[in-house]
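Colleague: File name data-v6.cif; file contents mmCIF, C-alpha atoms; full text below.
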```cif
data_input
loop_
_atom_site.label_atom_id
_atom_site.label_comp_id
_atom_site.auth_asym_id
_atom_site.auth_seq_id
_atom_site.Cartn_x
_atom_site.Cartn_y
_atom_site.Cartn_z
CA MET A 227 -61.50 -6.92 -41.93
CA LYS A 228 -59.97 -4.19 -39.86
CA LYS A 229 -56.23 -4.45 -39.34
CA ASN A 230 -55.13 -3.77 -35.74
CA PHE A 231 -52.03 -1.67 -35.27
CA GLY A 232 -50.04 -1.61 -32.05
CA PHE A 233 -48.37 -4.12 -29.75
CA THR A 234 -50.02 -7.03 -28.14
CA LEU A 235 -49.81 -7.48 -24.39
CA ILE A 236 -47.39 -10.37 -24.78
CA GLU A 237 -44.98 -8.26 -26.82
CA ILE A 238 -44.98 -5.48 -24.24
CA VAL A 239 -44.38 -7.98 -21.44
CA ILE A 240 -41.39 -9.49 -23.25
CA VAL A 241 -39.84 -6.10 -24.01
CA ILE A 242 -40.28 -4.89 -20.43
CA SER A 243 -38.80 -8.03 -18.97
CA ILE A 244 -35.73 -7.77 -21.22
CA ILE A 245 -35.24 -4.15 -20.17
CA ALA A 246 -35.76 -5.15 -16.54
CA VAL A 247 -32.89 -7.62 -16.84
CA ILE A 248 -30.50 -5.37 -18.76
CA ILE A 249 -30.81 -2.11 -16.82
CA PRO A 250 -29.92 -3.54 -13.38
CA THR A 251 -26.94 -5.37 -14.90
CA ILE A 252 -25.62 -2.14 -16.37
CA PHE A 253 -26.01 -0.30 -13.10
CA ALA A 254 -24.44 -3.11 -11.11
CA ILE A 255 -21.37 -3.06 -13.36
CA ILE A 256 -21.09 0.73 -13.27
CA TYR A 257 -21.45 0.66 -9.50
CA SER A 258 -18.74 -1.94 -9.00
CA ILE A 259 -16.38 -0.06 -11.32
CA MET A 260 -16.91 3.11 -9.36
CA ARG A 261 -16.40 1.36 -6.03
CA GLU A 262 -13.22 -0.28 -7.25
CA GLN A 263 -11.95 3.07 -8.47
CA VAL A 264 -12.59 4.70 -5.12
CA LYS A 265 -10.77 1.83 -3.40
CA ILE A 266 -7.75 2.22 -5.65
CA PHE A 267 -7.76 5.97 -5.23
CA THR A 268 -7.71 5.74 -1.44
CA LEU A 269 -5.11 2.98 -1.51
CA THR A 270 -2.76 5.04 -3.70
CA GLN A 271 -3.33 8.02 -1.44
CA VAL A 272 -2.55 6.00 1.66
CA LYS A 273 0.55 4.52 0.03
CA ARG A 274 1.75 7.88 -1.22
CA GLU A 275 1.39 9.39 2.24
CA GLY A 276 3.17 6.48 3.89
CA ASP A 277 6.02 6.38 1.37
CA ASN A 278 6.44 10.13 1.55
CA ALA A 279 6.57 10.26 5.34
CA LEU A 280 8.98 7.32 5.54
CA ASN A 281 11.19 8.83 2.89
CA ILE A 282 11.43 12.23 4.56
CA MET A 283 12.05 10.76 8.01
CA THR A 284 14.71 8.25 6.97
CA THR A 285 16.52 10.74 4.73
CA LEU A 286 16.58 13.42 7.42
CA ILE A 287 17.66 11.06 10.19
CA ARG A 288 20.25 9.29 8.09
CA ASN A 289 21.81 12.36 6.51
CA SER A 290 21.32 15.19 8.99
CA ALA A 291 21.05 13.84 12.53
CA VAL A 292 24.23 13.83 14.59
CA THR A 293 23.00 13.08 18.10
CA VAL A 294 19.76 11.77 19.60
CA HIS A 295 18.18 13.48 22.60
CA SER A 296 15.34 12.74 24.97
CA GLY A 297 14.11 16.35 24.95
CA PRO A 298 14.94 19.62 23.20
CA PRO A 299 18.68 19.10 22.87
CA THR A 300 21.11 20.10 25.60
CA ASP A 301 24.43 18.51 26.49
CA ASN A 302 22.82 16.48 29.28
CA ASN A 303 20.06 14.60 27.50
CA VAL A 304 21.93 12.70 24.79
CA VAL A 305 20.53 9.16 24.65
CA CYS A 306 21.48 5.84 23.00
CA THR A 307 25.21 6.37 23.23
CA LYS A 308 26.04 3.02 24.86
CA SER A 309 25.16 -0.38 23.52
CA THR A 310 21.93 -1.89 24.85
CA GLU A 311 20.68 1.56 25.85
CA THR A 312 17.26 2.19 24.37
CA TRP A 313 15.01 5.23 24.41
CA PRO A 314 12.22 6.17 24.93
CA LEU A 315 11.10 3.92 27.77
CA ASN A 316 7.52 4.91 27.13
CA SER A 317 6.96 4.29 23.44
CA THR A 318 4.91 7.43 22.83
CA ASP A 319 7.58 9.90 23.97
CA PRO A 320 9.30 11.77 21.16
CA LEU A 321 12.95 11.67 20.17
CA TYR A 322 14.85 14.81 19.26
CA PHE A 323 17.62 14.84 16.70
CA GLN A 324 20.31 17.47 16.60
CA ASP A 325 22.08 18.27 13.35
CA ARG A 326 25.61 19.57 12.93
CA TYR A 327 24.51 23.20 12.95
CA GLY A 328 23.00 22.83 16.40
CA ASP A 329 19.41 22.88 15.13
CA TRP A 330 17.08 20.09 16.10
CA PHE A 331 14.08 18.27 14.64
CA SER A 332 11.65 15.65 15.84
CA PHE A 333 8.73 13.59 14.55
CA ILE A 334 5.48 13.07 16.40
CA ALA A 335 1.97 11.83 15.70
CA VAL A 336 -0.50 14.55 16.60
CA SER A 337 -4.22 14.95 16.42
CA ASP A 338 -5.43 17.17 13.58
CA ALA A 339 -6.91 20.50 14.66
CA GLN A 340 -9.78 20.26 12.16
CA ASN A 341 -10.62 16.65 12.87
CA GLN A 342 -9.69 15.39 16.32
CA GLU A 343 -10.05 11.75 15.29
CA ARG A 344 -7.44 12.07 12.60
CA TYR A 345 -3.81 11.62 13.55
CA LYS A 346 -0.98 12.85 11.38
CA ILE A 347 2.79 12.69 11.48
CA SER A 348 4.16 16.11 12.14
CA SER A 349 7.72 17.33 12.09
CA ASP A 350 8.72 19.86 14.69
CA SER A 351 12.02 21.70 14.47
CA SER A 352 13.94 24.57 15.99
CA GLY A 353 14.26 26.47 12.74
CA LEU A 354 10.91 26.04 11.03
CA ASN A 355 7.25 25.85 11.87
CA ASP A 356 5.62 22.44 12.23
CA VAL A 357 5.36 20.59 8.95
CA ASP A 358 2.84 17.82 8.31
CA LEU A 359 4.29 14.74 6.68
CA THR A 360 0.85 13.25 6.08
CA SER A 361 -1.32 15.97 4.70
CA PHE A 362 -4.37 14.36 3.07
CA SER A 363 -7.42 14.86 5.23
CA ASN A 364 -8.64 11.27 4.83
CA THR A 365 -5.55 9.43 5.99
CA ASN A 366 -4.95 8.49 9.59
CA VAL A 367 -1.76 7.44 11.37
CA GLN A 368 -1.81 4.74 14.04
CA ASP A 369 0.79 3.21 16.33
CA PHE A 370 3.46 5.73 15.45
CA LYS A 371 6.63 4.67 17.25
CA ILE A 372 10.10 6.05 16.99
CA SER A 373 12.87 4.75 19.20
CA CYS A 374 16.62 4.52 19.29
CA GLN A 375 18.98 1.82 20.36
CA GLY A 376 22.64 2.22 21.18
CA THR A 377 25.08 0.02 19.33
CA ALA A 378 28.76 -0.55 20.08
CA GLU A 379 30.89 2.21 21.57
CA ASN A 380 31.54 5.06 19.12
CA SER A 381 29.26 3.66 16.47
CA PRO A 382 26.04 5.40 15.51
CA PRO A 383 22.74 4.66 17.24
CA LEU A 384 20.05 2.77 15.41
CA ILE A 385 16.67 4.45 14.97
CA SER A 386 13.54 2.33 14.55
CA ILE A 387 10.43 3.84 13.04
CA SER A 388 7.11 2.10 12.65
CA TYR A 389 3.58 3.18 11.93
CA VAL A 390 0.35 2.16 10.27
CA ILE A 391 -1.42 4.43 7.82
CA ASN A 392 -5.05 3.83 7.09
CA GLN A 393 -7.90 5.66 5.58
CA LEU A 394 -10.49 7.53 7.60
CA SER A 395 -13.48 5.84 6.13
CA GLN A 396 -17.20 6.06 6.05
CA THR A 397 -17.48 2.36 5.43
CA ASN A 398 -17.56 -0.29 8.12
CA ARG A 399 -16.60 -3.09 5.80
CA GLU A 400 -13.28 -4.43 7.00
CA GLU A 401 -11.98 -5.46 3.56
CA ASP A 402 -12.65 -2.01 2.10
CA ILE A 403 -10.40 -0.13 4.48
CA ALA A 404 -6.98 0.57 3.02
CA SER A 405 -4.31 0.08 5.66
CA LEU A 406 -0.57 -0.24 5.19
CA ASN A 407 2.22 -1.03 7.66
CA TYR A 408 5.51 0.78 7.59
CA GLN A 409 8.59 -0.03 9.58
CA THR A 410 12.26 0.55 9.07
CA LYS A 411 15.53 1.10 10.87
CA VAL A 412 18.18 3.66 10.04
CA LYS A 413 21.62 4.51 11.34
CA LEU A 414 22.88 8.05 11.66
CA ARG A 415 25.57 8.64 9.07
CA MET A 416 26.75 11.95 10.48
CA HIS A 417 27.33 10.57 13.95
CA MET B 293 -57.87 -8.18 -55.57
CA LYS B 294 -56.40 -5.05 -54.08
CA TYR B 295 -54.09 -5.14 -51.11
CA LYS B 296 -53.77 -2.23 -48.74
CA LYS B 297 -50.13 -1.22 -48.31
CA GLU B 298 -49.14 -1.92 -44.72
CA SER B 299 -46.81 0.47 -42.98
CA GLY B 300 -44.27 -0.97 -40.51
CA PHE B 301 -40.85 -2.63 -40.41
CA THR B 302 -39.83 -5.58 -42.46
CA LEU B 303 -38.20 -8.53 -40.75
CA ILE B 304 -34.83 -7.60 -42.27
CA GLU B 305 -34.93 -4.07 -40.85
CA VAL B 306 -35.79 -5.29 -37.39
CA LEU B 307 -32.98 -7.89 -37.52
CA ILE B 308 -30.42 -5.30 -38.60
CA VAL B 309 -31.38 -2.93 -35.80
CA ILE B 310 -31.29 -5.69 -33.22
CA THR B 311 -27.89 -6.90 -34.43
CA ILE B 312 -26.42 -3.39 -34.24
CA LEU B 313 -27.80 -2.98 -30.74
CA ILE B 314 -26.45 -6.35 -29.61
CA VAL B 315 -22.98 -5.68 -31.03
CA PHE B 316 -22.89 -2.30 -29.35
CA PHE B 317 -24.12 -3.67 -26.07
CA VAL B 318 -21.71 -6.59 -26.01
CA ALA B 319 -18.81 -4.28 -26.83
CA ALA B 320 -19.73 -1.87 -24.05
CA MET B 321 -20.10 -4.69 -21.54
CA SER B 322 -16.78 -6.30 -22.41
CA VAL B 323 -15.02 -2.94 -22.08
CA ALA B 324 -16.61 -2.53 -18.66
CA VAL B 325 -15.61 -6.01 -17.55
CA VAL B 326 -12.02 -5.59 -18.77
CA ASN B 327 -11.90 -2.26 -16.98
CA LEU B 328 -13.03 -3.91 -13.76
CA LYS B 329 -10.37 -6.60 -14.10
CA ASN B 330 -7.66 -4.00 -14.73
CA LEU B 331 -8.72 -2.03 -11.68
CA ASP B 332 -8.48 -5.17 -9.60
CA SER B 333 -5.06 -6.05 -10.93
CA SER B 334 -3.69 -2.55 -10.38
CA ARG B 335 -4.89 -2.73 -6.79
CA ASN B 336 -3.07 -6.02 -6.37
CA LYS B 337 0.02 -4.51 -7.92
CA ILE B 338 0.00 -1.57 -5.50
CA LEU B 339 -0.33 -3.93 -2.54
CA GLY B 340 2.23 -6.38 -3.93
CA THR B 341 4.77 -3.60 -4.43
CA ARG B 342 4.12 -2.37 -0.92
CA TYR B 343 4.76 -5.84 0.54
CA ALA B 344 8.01 -6.11 -1.41
CA GLU B 345 9.12 -2.69 -0.17
CA GLU B 346 8.12 -3.58 3.36
CA LEU B 347 10.35 -6.64 3.28
CA LEU B 348 13.20 -4.60 1.82
CA GLU B 349 12.90 -2.05 4.63
CA TRP B 350 12.78 -4.82 7.20
CA LEU B 351 15.86 -6.54 5.77
CA ARG B 352 17.67 -3.22 5.76
CA GLY B 353 16.76 -2.85 9.43
CA GLU B 354 18.12 -6.35 10.14
CA LYS B 355 21.31 -5.44 8.35
CA GLU B 356 21.67 -2.19 10.29
CA THR B 357 21.06 -3.98 13.58
CA SER B 358 23.85 -6.49 13.17
CA TRP B 359 25.78 -7.36 10.06
CA GLU B 360 27.11 -10.58 11.60
CA ASP B 361 23.62 -11.86 12.38
CA PHE B 362 22.40 -10.69 9.02
CA ILE B 363 24.83 -12.86 7.05
CA LYS B 364 24.95 -15.83 9.41
CA ASP B 365 23.27 -18.93 7.94
CA LYS B 366 21.10 -16.86 5.66
CA ASP B 367 22.05 -18.28 2.28
CA GLY B 368 19.04 -19.49 0.31
CA ILE B 369 15.33 -18.92 -0.11
CA TRP B 370 13.21 -17.57 2.72
CA CYS B 371 9.48 -17.30 3.05
CA PHE B 372 8.27 -14.07 4.67
CA ASN B 373 4.54 -14.51 4.93
CA SER B 374 4.03 -12.63 8.18
CA GLU B 375 3.70 -8.93 8.91
CA PRO B 376 6.15 -7.76 10.17
CA PRO B 377 8.49 -10.33 8.61
CA ASN B 378 10.58 -12.76 10.66
CA TRP B 379 13.33 -15.34 10.11
CA ASN B 380 11.16 -18.37 10.88
CA ARG B 381 10.89 -20.02 7.48
CA HIS B 382 14.14 -20.85 5.72
CA ARG B 383 12.47 -22.36 2.67
CA ALA B 384 10.11 -21.59 -0.16
CA CYS B 385 6.58 -20.68 0.86
CA ALA B 386 4.13 -23.52 1.15
CA GLU B 387 0.82 -23.36 -0.67
CA GLN B 388 -1.12 -21.84 2.22
CA GLU B 389 1.62 -19.52 3.49
CA LYS B 390 0.38 -16.30 1.97
CA ILE B 391 -0.10 -12.73 3.14
CA ASN B 392 -3.85 -12.12 3.44
CA GLY B 393 -4.25 -15.55 1.87
CA PHE B 394 -3.23 -14.05 -1.45
CA PHE B 395 0.36 -12.80 -1.80
CA THR B 396 3.35 -15.13 -1.74
CA ARG B 397 6.45 -13.32 -0.51
CA GLU B 398 9.85 -14.93 -0.86
CA ALA B 399 13.40 -13.66 -0.86
CA ASN B 400 16.59 -15.28 -2.08
CA LEU B 401 19.62 -14.18 -0.08
CA THR B 402 23.12 -14.71 -1.43
CA PRO B 403 25.85 -13.54 0.96
CA GLY B 404 29.22 -12.61 -0.55
CA SER B 405 32.36 -11.47 1.26
CA ASN B 406 30.96 -8.14 2.43
CA THR B 407 27.79 -7.83 0.39
CA VAL B 408 24.51 -9.67 0.36
CA SER B 409 22.41 -9.73 -2.74
CA VAL B 410 18.72 -9.88 -2.03
CA ASP B 411 16.18 -10.98 -4.59
CA ILE B 412 12.65 -10.31 -3.35
CA LYS B 413 9.69 -11.77 -5.19
CA VAL B 414 6.07 -11.07 -4.39
CA SER B 415 3.72 -13.10 -6.51
CA TRP B 416 0.02 -13.80 -6.76
CA TYR B 417 -2.50 -15.35 -9.07
CA GLU B 418 -5.05 -13.50 -11.15
CA GLY B 419 -7.14 -16.30 -12.52
CA ALA B 420 -4.58 -18.65 -13.99
CA ASN B 421 -1.94 -15.97 -14.54
CA LYS B 422 0.89 -15.66 -12.09
CA ILE B 423 1.86 -12.03 -11.53
CA GLU B 424 5.20 -11.22 -9.97
CA VAL B 425 6.80 -8.12 -8.49
CA PRO B 426 10.58 -8.57 -8.43
CA LEU B 427 12.85 -6.38 -6.34
CA LEU B 428 16.57 -6.92 -6.53
CA THR B 429 19.07 -5.16 -4.32
CA HIS B 430 22.49 -5.46 -2.73
CA PHE B 431 23.32 -4.74 0.87
CA GLU B 432 26.85 -3.78 1.72
CA GLU B 433 28.58 -3.80 5.06
CA ILE B 434 29.29 -0.28 6.27
CA LYS B 435 32.22 -0.15 8.64
#
```
Please render this file's structure as structure tokens.

Modeller:
Amino acid sequence: MKKNFGFTLIEIVIVISIIAVIIPTIFAIIYSIMREQVKIFTLTQVKREGDNALNIMTTLIRNSAVTVHSGPPTDNNVVCTKSTETWPLNSTDPLYFQDRYGDWFSFIAVSDAQNQERYKISSDSSGLNDVDLTSFSNTNVQDFKISCQGTAENSPPLISISYVINQLSQTNREEDIASLNYQTKVKLRMH
Amino acid sequence: MKYKKESGFTLIEVLIVITILIVFFVAAMSVAVVNLKNLDSSRNKILGTRYAEELLEWLRGEKETSWEDFIKDKDGIWCFNSEPPNWNRHRACAEQEKINGFFTREANLTPGSNTVSVDIKVSWYEGANKIEVPLLTHFEEIK
């Protein structure tokens, strides 16, 4: 009697079907780990950008700004000195802050030169070149608003800042887009 | 009678190999699954922290706007489940009052003579575990 070596058809079928179950599971898990990691990475980036911009703006306004102006500062365009006076009337107009040395700075949302769809918060000032407060190329700023409101006579104006930072994404899935709201109010300490 | 020696694996050898493979595979899979869970919970933590900070910034804005309004009738627990926050719910959050249907955001305000202590808590559930981000601060009246 001749002994047959090798696998039978049924053995091969069983082995292949086990492999066919295991391999897709492994890939599915690896894929979801990678997707989750990308999501976290973009979320931390978005949060870092937002925190950083808010920090710089509030610190500068609180500690350096002395007066608020509607344009590059002169003696005639000081705004928000009286209570109930608010500026700007059109929410996209910039505010200018003058510090005690007579220099000024302002914050605006501008379109990126490299990517017109991307908006970034930029700081303009009399002394320095423009500085970007949100510098990562895949973050986008929306609804950037900065306004001031006069409080009582001889007390400092109140500055409101609000914006939304989200990621410039390739995905259309709503739940995958990292988006964070920022809003705060600060008073000028040097007023 | 003479038997021909058969080459091949014994049952024991095959069992040992399979066991090693299974142990290895199960270990790798559980590491992957734990990893996935951790990623999810760190994402929640980032968002939860952001919501707590957002409320803190908003409360600071309220305080800067008017100290009198900020301390008036504010003692107690508030639910801030909307974005941006508002003073509409002077009570603990109800079951369905969550940000994105997930994060519960409450703050306990305790006004003193010229300070207000603010205890912000953002909490959420991961499975059966309740995770909490506490943020405690004091606001002081600046004259």

Colleague: Sort by chain and increasing residue number a table of all residues of chain B within 9 Å of chain A, each with its closest pair of atoms and their distance in Å to one decimal, counting only C-alpha atoms, and write it as a Markdown table.

Modeller:
```
| residue | atom | partner | partner_atom | distance |
| --- | --- | --- | --- | --- |
| B:Met321 | CA | A:Ile252 | CA | 8.0 |
| B:Ala324 | CA | A:Ile255 | CA | 7.1 |
| B:Val325 | CA | A:Ile255 | CA | 7.7 |
| B:Asn327 | CA | A:Ile259 | CA | 7.5 |
| B:Leu328 | CA | A:Ile259 | CA | 5.7 |
| B:Leu331 | CA | A:Glu262 | CA | 6.6 |
| B:Asp332 | CA | A:Glu262 | CA | 7.2 |
| B:Ser334 | CA | A:Ile266 | CA | 7.8 |
| B:Arg335 | CA | A:Ile266 | CA | 5.8 |
| B:Ile338 | CA | A:Thr270 | CA | 7.4 |
| B:Leu339 | CA | A:Leu269 | CA | 8.5 |
| B:Arg342 | CA | A:Lys273 | CA | 7.8 |
| B:Tyr343 | CA | A:Asn407 | CA | 9.0 |
| B:Glu346 | CA | A:Tyr408 | CA | 6.6 |
| B:Leu348 | CA | A:Thr410 | CA | 8.9 |
| B:Glu349 | CA | A:Thr410 | CA | 5.2 |
| B:Trp350 | CA | A:Thr410 | CA | 5.7 |
| B:Leu351 | CA | A:Thr410 | CA | 8.6 |
| B:Arg352 | CA | A:Lys411 | CA | 7.0 |
| B:Gly353 | CA | A:Lys411 | CA | 4.4 |
| B:Glu354 | CA | A:Lys411 | CA | 7.9 |
| B:Glu356 | CA | A:Lys413 | CA | 6.8 |
| B:Thr357 | CA | A:Leu384 | CA | 7.1 |
| B:Glu375 | CA | A:Asn407 | CA | 8.1 |
| B:Pro376 | CA | A:Gln409 | CA | 8.1 |
```

Colleague: Please report the interatomic distance between atom CA of B:Asn336 and atom CA of B:Ala320 in Å with one decimal.

Modeller: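 Computing it gives 24.6 Å between the two atoms.
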
Colleague: Could you write out as a PyMOL selection string the residues that the PyMOL selection byres ((chain B and resi 362-374) around 7) matches in the shown file?

Modeller: chain B and resi 354-355+358-361+375-378+381-385+389-391+396-403

Colleague: Rank A:Ile347, A:Met283, A:Ser243, A:Thr300 by their smallest atom-to-atom distance to A:Gln368, using all atoms listed in the file, and report the top residue only.

Modeller: A:Ile347

Colleague: Identify all residues satisfying the PyMOL selection byres ((chain A and resi 365) around 8) in the given file; provide them as a compact mmCIF listing (two decimals) with C-alpha atoms, keeping the file's coordinate frame.

Modeller:
```txt
# COMPACT_ATOMS: atom_id res chain seq x y z
CA GLN A 271 -3.33 8.02 -1.44
CA VAL A 272 -2.55 6.00 1.66
CA GLU A 275 1.39 9.39 2.24
CA ARG A 344 -7.44 12.07 12.60
CA LYS A 346 -0.98 12.85 11.38
CA THR A 360 0.85 13.25 6.08
CA SER A 361 -1.32 15.97 4.70
CA PHE A 362 -4.37 14.36 3.07
CA SER A 363 -7.42 14.86 5.23
CA ASN A 364 -8.64 11.27 4.83
CA ASN A 366 -4.95 8.49 9.59
CA VAL A 367 -1.76 7.44 11.37
CA ILE A 391 -1.42 4.43 7.82
CA ASN A 392 -5.05 3.83 7.09
CA GLN A 393 -7.90 5.66 5.58
CA LEU A 394 -10.49 7.53 7.60
```

Colleague: Within 8 Å of A:Ala291, counting only C-alpha atoms, which residues show up once you throw out same-chain ones fewer than 2 positions away? Write them as a list in words, please.

Modeller: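 Here the answer would be Leu286, Ile287, Arg288, Asn289, Thr293, Val294, Phe323, Gln324, Asp325, Arg326, Leu414, Arg415, Met416 and His417 of chain A.
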
Colleague: For the file shown, what are the residues hit by the PyMOL selection byres ((chain A and resi 317) around 8), laid out as a tab-separated table (two decimals) with C-alpha atoms, in the frame of the given file?

Modeller:
```tsv
chain	number	residue	atom	x	y	z
A	314	PRO	CA	12.22	6.17	24.93
A	315	LEU	CA	11.10	3.92	27.77
A	316	ASN	CA	7.52	4.91	27.13
A	318	THR	CA	4.91	7.43	22.83
A	319	ASP	CA	7.58	9.90	23.97
A	371	LYS	CA	6.63	4.67	17.25
A	372	ILE	CA	10.10	6.05	16.99
A	373	SER	CA	12.87	4.75	19.20
```

Colleague: Between atom CA of A:Thr268 and atom CA of B:Lys337, what distance in Å does the model show, to one decimal?

Modeller: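 Those two atoms sit 14.4 Å apart.
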
Colleague: Have a look at B:Leu347, B:Glu387, B:Val306, B:Asn330 and name the one nearest to B:Ile412; count all atoms listed in the file.

Modeller: B:Leu347

Colleague: Separation of atom CA of A:Asn278 and atom CA of A:Asp356, in Å?

Modeller: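 It comes out at 16.3 Å.
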
Colleague: Rank nothing, just name the residue among A:Ser388, A:Ser309, A:Arg274, A:Ile238 nearest to A:Ile334, using all atoms listed in the file.

Modeller: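 Once distances to A:Ile334 are computed over all atoms listed in the file, the minimum belongs to A:Ser388.
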
Colleague: Let me make sure I understand: among A:Val241, A:Ala378, A:Leu359, A:Ile249, which one has the smallest atom-to-atom distance to A:Ile282 if we use only C-alpha atoms?

Modeller: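 Of all the options, A:Leu359 lies closest to A:Ile282.
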